[in-house]
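**Q** My structure is in coords.cif, and what it holds is mmCIF, C-alpha atoms:
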```cif
data_my_file
loop_
_atom_site.group_PDB
_atom_site.id
_atom_site.type_symbol
_atom_site.label_atom_id
_atom_site.label_comp_id
_atom_site.auth_asym_id
_atom_site.auth_seq_id
_atom_site.Cartn_x
_atom_site.Cartn_y
_atom_site.Cartn_z
ATOM 1 C CA MET A 1 0.000 0.000 0.000
ATOM 2 C CA LYS A 2 2.966 2.322 0.544
ATOM 3 C CA GLU A 3 3.694 2.346 -3.198
ATOM 4 C CA ILE A 4 0.207 3.614 -3.941
ATOM 5 C CA LEU A 5 0.399 6.619 -1.596
ATOM 6 C CA PRO A 6 2.478 8.952 -3.807
ATOM 7 C CA LEU A 7 0.279 8.170 -6.817
ATOM 8 C CA PHE A 8 -2.895 8.545 -4.751
ATOM 9 C CA ASN A 9 -1.738 11.861 -3.285
ATOM 10 C CA ALA A 10 -0.778 13.233 -6.707
ATOM 11 C CA LEU A 11 -4.090 12.192 -8.268
ATOM 12 C CA PHE A 12 -6.044 13.494 -5.270
ATOM 13 C CA GLN A 13 -4.352 16.884 -5.465
ATOM 14 C CA GLU A 14 -4.646 17.039 -9.261
ATOM 15 C CA SER A 15 -8.399 16.454 -9.041
ATOM 16 C CA GLU A 16 -8.990 19.346 -6.630
ATOM 17 C CA ASN A 17 -10.096 21.913 -9.216
ATOM 18 C CA SER A 18 -11.312 19.560 -11.912
ATOM 19 C CA GLU A 19 -14.843 19.618 -13.223
ATOM 20 C CA LYS A 20 -17.256 16.713 -13.097
ATOM 21 C CA LEU A 21 -16.842 14.178 -15.902
ATOM 22 C CA ASN A 22 -19.431 14.298 -18.645
ATOM 23 C CA GLU A 23 -21.188 11.225 -20.033
ATOM 24 C CA GLU A 24 -18.778 10.928 -22.977
ATOM 25 C CA GLN A 25 -15.749 10.981 -20.651
ATOM 26 C CA MET A 26 -17.357 8.318 -18.469
ATOM 27 C CA LYS A 27 -18.046 6.155 -21.499
ATOM 28 C CA GLU A 28 -14.437 6.536 -22.690
ATOM 29 C CA MET A 29 -13.204 5.712 -19.203
ATOM 30 C CA SER A 30 -15.380 2.616 -19.086
ATOM 31 C CA GLU A 31 -13.930 1.405 -22.381
ATOM 32 C CA ALA A 32 -10.378 2.207 -21.285
ATOM 33 C CA VAL A 33 -10.761 0.143 -18.098
ATOM 34 C CA LYS A 34 -11.389 -2.909 -20.269
ATOM 35 C CA MET A 35 -8.017 -2.353 -21.951
ATOM 36 C CA LEU A 36 -5.994 -2.164 -18.736
ATOM 37 C CA ASP A 37 -3.527 -4.901 -17.905
ATOM 38 C CA ARG A 38 -3.607 -6.845 -14.619
ATOM 39 C CA GLU A 39 -1.302 -4.319 -12.922
ATOM 40 C CA GLY A 40 -3.596 -1.480 -13.998
ATOM 41 C CA HIS A 41 -6.625 -3.238 -12.527
ATOM 42 C CA GLU A 42 -4.803 -3.872 -9.254
ATOM 43 C CA ILE A 43 -3.709 -0.243 -8.962
ATOM 44 C CA LEU A 44 -7.208 0.920 -9.853
ATOM 45 C CA PHE A 45 -8.664 -1.185 -7.057
ATOM 46 C CA ALA A 46 -5.994 0.028 -4.605
ATOM 47 C CA LEU A 47 -6.771 3.650 -5.460
ATOM 48 C CA ILE A 48 -10.478 3.091 -4.914
ATOM 49 C CA ARG A 49 -9.942 1.249 -1.644
ATOM 50 C CA HIS A 50 -7.526 3.900 -0.379
ATOM 51 C CA TYR A 51 -9.992 6.654 -1.282
ATOM 52 C CA GLN A 52 -12.692 4.812 0.599
ATOM 53 C CA LEU A 53 -10.494 4.408 3.678
ATOM 54 C CA LYS A 54 -9.223 7.981 3.600
ATOM 55 C CA VAL A 55 -12.299 9.962 2.539
ATOM 56 C CA ASP A 56 -15.418 7.821 2.755
ATOM 57 C CA MET A 57 -15.068 5.839 6.004
ATOM 58 C CA GLU A 58 -18.836 5.639 6.480
ATOM 59 C CA SER A 59 -19.312 3.250 3.569
ATOM 60 C CA ILE A 60 -16.743 0.590 4.433
ATOM 61 C CA GLU A 61 -17.829 -2.619 2.767
ATOM 62 C CA LYS A 62 -16.003 -5.742 1.689
ATOM 63 C CA GLU A 63 -15.817 -4.459 -1.874
ATOM 64 C CA PRO A 64 -15.949 -0.655 -2.166
ATOM 65 C CA TYR A 65 -18.674 1.053 -4.224
ATOM 66 C CA ASP A 66 -20.168 -2.229 -5.495
ATOM 67 C CA PHE A 67 -16.910 -3.405 -7.050
ATOM 68 C CA LYS A 68 -17.004 -6.935 -8.411
ATOM 69 C CA SER A 69 -13.973 -9.136 -8.883
ATOM 70 C CA ILE A 70 -14.110 -10.861 -12.269
ATOM 71 C CA LYS A 71 -11.743 -13.173 -14.124
ATOM 72 C CA SER A 72 -10.065 -10.381 -16.122
ATOM 73 C CA GLY A 73 -9.824 -7.863 -13.250
ATOM 74 C CA TYR A 74 -12.533 -5.763 -11.660
ATOM 75 C CA LYS A 75 -15.930 -4.463 -12.685
ATOM 76 C CA PHE A 76 -17.649 -1.397 -11.265
ATOM 77 C CA THR A 77 -20.290 1.187 -12.057
ATOM 78 C CA ILE A 78 -18.675 4.583 -12.617
ATOM 79 C CA HIS A 79 -21.806 6.450 -11.560
ATOM 80 C CA LYS A 80 -21.643 4.880 -8.077
ATOM 81 C CA LEU A 81 -18.201 6.368 -7.431
ATOM 82 C CA PRO A 82 -17.806 9.791 -5.807
ATOM 83 C CA ILE A 83 -17.141 12.540 -8.372
ATOM 84 C CA LYS A 84 -13.640 13.281 -7.083
ATOM 85 C CA LEU A 85 -12.755 9.594 -7.296
ATOM 86 C CA GLN A 86 -14.120 9.401 -10.852
ATOM 87 C CA ILE A 87 -11.755 12.205 -11.845
ATOM 88 C CA MET A 88 -8.813 10.586 -10.069
ATOM 89 C CA LEU A 89 -9.434 7.275 -11.799
ATOM 90 C CA LYS A 90 -9.797 8.884 -15.211
ATOM 91 C CA ASN A 91 -6.447 10.597 -14.722
ATOM 92 C CA PHE A 92 -4.847 7.316 -13.602
ATOM 93 C CA ILE A 93 -6.316 5.387 -16.531
ATOM 94 C CA ASP A 94 -5.034 8.021 -18.959
ATOM 95 C CA LEU A 95 -1.534 7.786 -17.442
ATOM 96 C CA HIS A 96 -1.472 4.009 -17.297
ATOM 97 C CA SER A 97 -2.831 3.616 -20.828
ATOM 98 C CA LYS A 98 -0.132 5.958 -22.101
ATOM 99 C CA LYS A 99 2.497 3.895 -20.252
ATOM 100 C CA LEU A 100 1.179 0.675 -21.816
ATOM 101 C CA GLN A 101 1.212 2.249 -25.265
ATOM 102 C CA GLU A 102 4.804 3.450 -24.817
ATOM 103 C CA GLU A 103 5.913 0.005 -23.627
ATOM 104 C CA LYS A 104 4.239 -1.598 -26.620
ATOM 105 C CA GLN A 105 6.006 0.802 -29.001
ATOM 106 C CA ARG A 106 9.340 0.233 -27.245
ATOM 107 C CA ASN A 107 8.945 -3.547 -27.470
ATOM 108 C CA LYS A 108 7.956 -3.285 -31.126
ATOM 109 C CA PHE A 109 11.051 -1.173 -31.818
ATOM 110 C CA PHE A 110 13.381 -3.691 -30.161
ATOM 111 C CA GLU A 111 11.767 -6.594 -32.014
ATOM 112 C CA CYS A 112 12.543 -4.848 -35.315
ATOM 113 C CA THR A 113 16.213 -4.241 -34.517
#
```
Spell out the structure here as structure tokens.
**A**
Amino acid sequence: MKEILPLFNALFQESENSEKLNEEQMKEMSEAVKMLDREGHEILFALIRHYQLKVDMESIEKEPYDFKSIKSGYKFTIHKLPIKLQIMLKNFIDLHSKKLQEEKQRNKFFECT
């Protein structure tokens, strides 16, 4: 959990002055979650759990915000998440997706050489 704290704190601070996500952004985020690797899903869950423990202590449940563990990772309903958490997760997904894309390009480059 220690590794998640710097990322959580950065995303939390970055989301301070952000506006609520619109329906199109939520749809894009939903699609992007499906493309995350196992590590991305694990970090996503850790961010949500940490948010719940830090900010939303009143709703402690076994799985936060109706999360469901599925074979390929996790499933959740974006609309059930607090707005600030939605923004944090969108920012994380954007960062992680970019990282995956860069790794794919780097691997492709080294395969060609």
**Q** Identify, on the basis of all atoms listed in the file, every residue whose closest approach to segment 92-96 of chain A does not exceed 8 Å; exclude the query and any residue fewer than 5 positions from it along the same chain; express the result as JSON, numbers by chain.
**A** {"A": [11, 29, 32, 33, 36, 40, 44]}
**Q** Quote the spacing between atom CA of Tyr51 of chain A and atom CA of Leu100 of chain A in Å to one decimal place.
**A** 24.1 Å
**Q** As an exercise, work out the distance from atom CA of Gln52 of chain A to atom CA of Glu23 of chain A in Å and give it to one decimal place.
**A**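 Interatomic distance, atom CA of Gln52 of chain A to atom CA of Glu23 of chain A: 23.2 Å.
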**Q** What separation in Å, quoted to one decimal, exists between atom CA of Ile78 of chain A and atom CA of Lys99 of chain A?
**A**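 Between atom CA of Ile78 of chain A and atom CA of Lys99 of chain A the gap works out to 22.5 Å.
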**Q** Carefully work through the PyMOL selection byres ((chain A and resi 21) around 10) for this structure and note down the residues it includes, as an MDAnalysis selection string.
**A** chainID A and resid 18:20 22:27 29 83:84 86:87 90
**Q** Enclose the full set of atoms of segment 64-73 of chain A listed in the file within a box whose edges lie along x, y and z, apply 4 Å of padding to each of the six sides, and report centre and edge lengths in Å to one decimal as lines of an AutoDock Vina configuration file.
**A**
```
center_x = -15.0
center_y = -6.1
center_z = -9.1
size_x = 18.3
size_y = 22.2
size_z = 22.0
```
**Q** Using all atoms listed in the file, which of the listed residues (A:Glu28, A:Met88, A:Phe109, A:Pro82) sits closest to Val55 of chain A?
**A**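 Ranked by minimum distance to Val55 of chain A, first place goes to A:Pro82.
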**Q** Ranking A:Phe67, A:Phe110, A:His41, A:Ile4 by minimum distance to Leu81 of chain A and counting all atoms listed in the file, which one comes first?
**A**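 Of the candidates, the smallest distance to Leu81 of chain A is held by A:Phe67.
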**Q** Which one is closest to Glu3 of chain A: A:His50, A:Lys104, A:Lys80, A:Lys75? Count only C-alpha atoms.
**A**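 So, comparing all the options, the nearest one is A:His50.
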**Q** Check the smallest atom-to-atom distance from each of A:Lys71, A:Lys54, A:Arg49, A:Arg106 to Leu89 of chain A using only C-alpha atoms, then report the winner.
**A**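 Closest candidate: A:Arg49.
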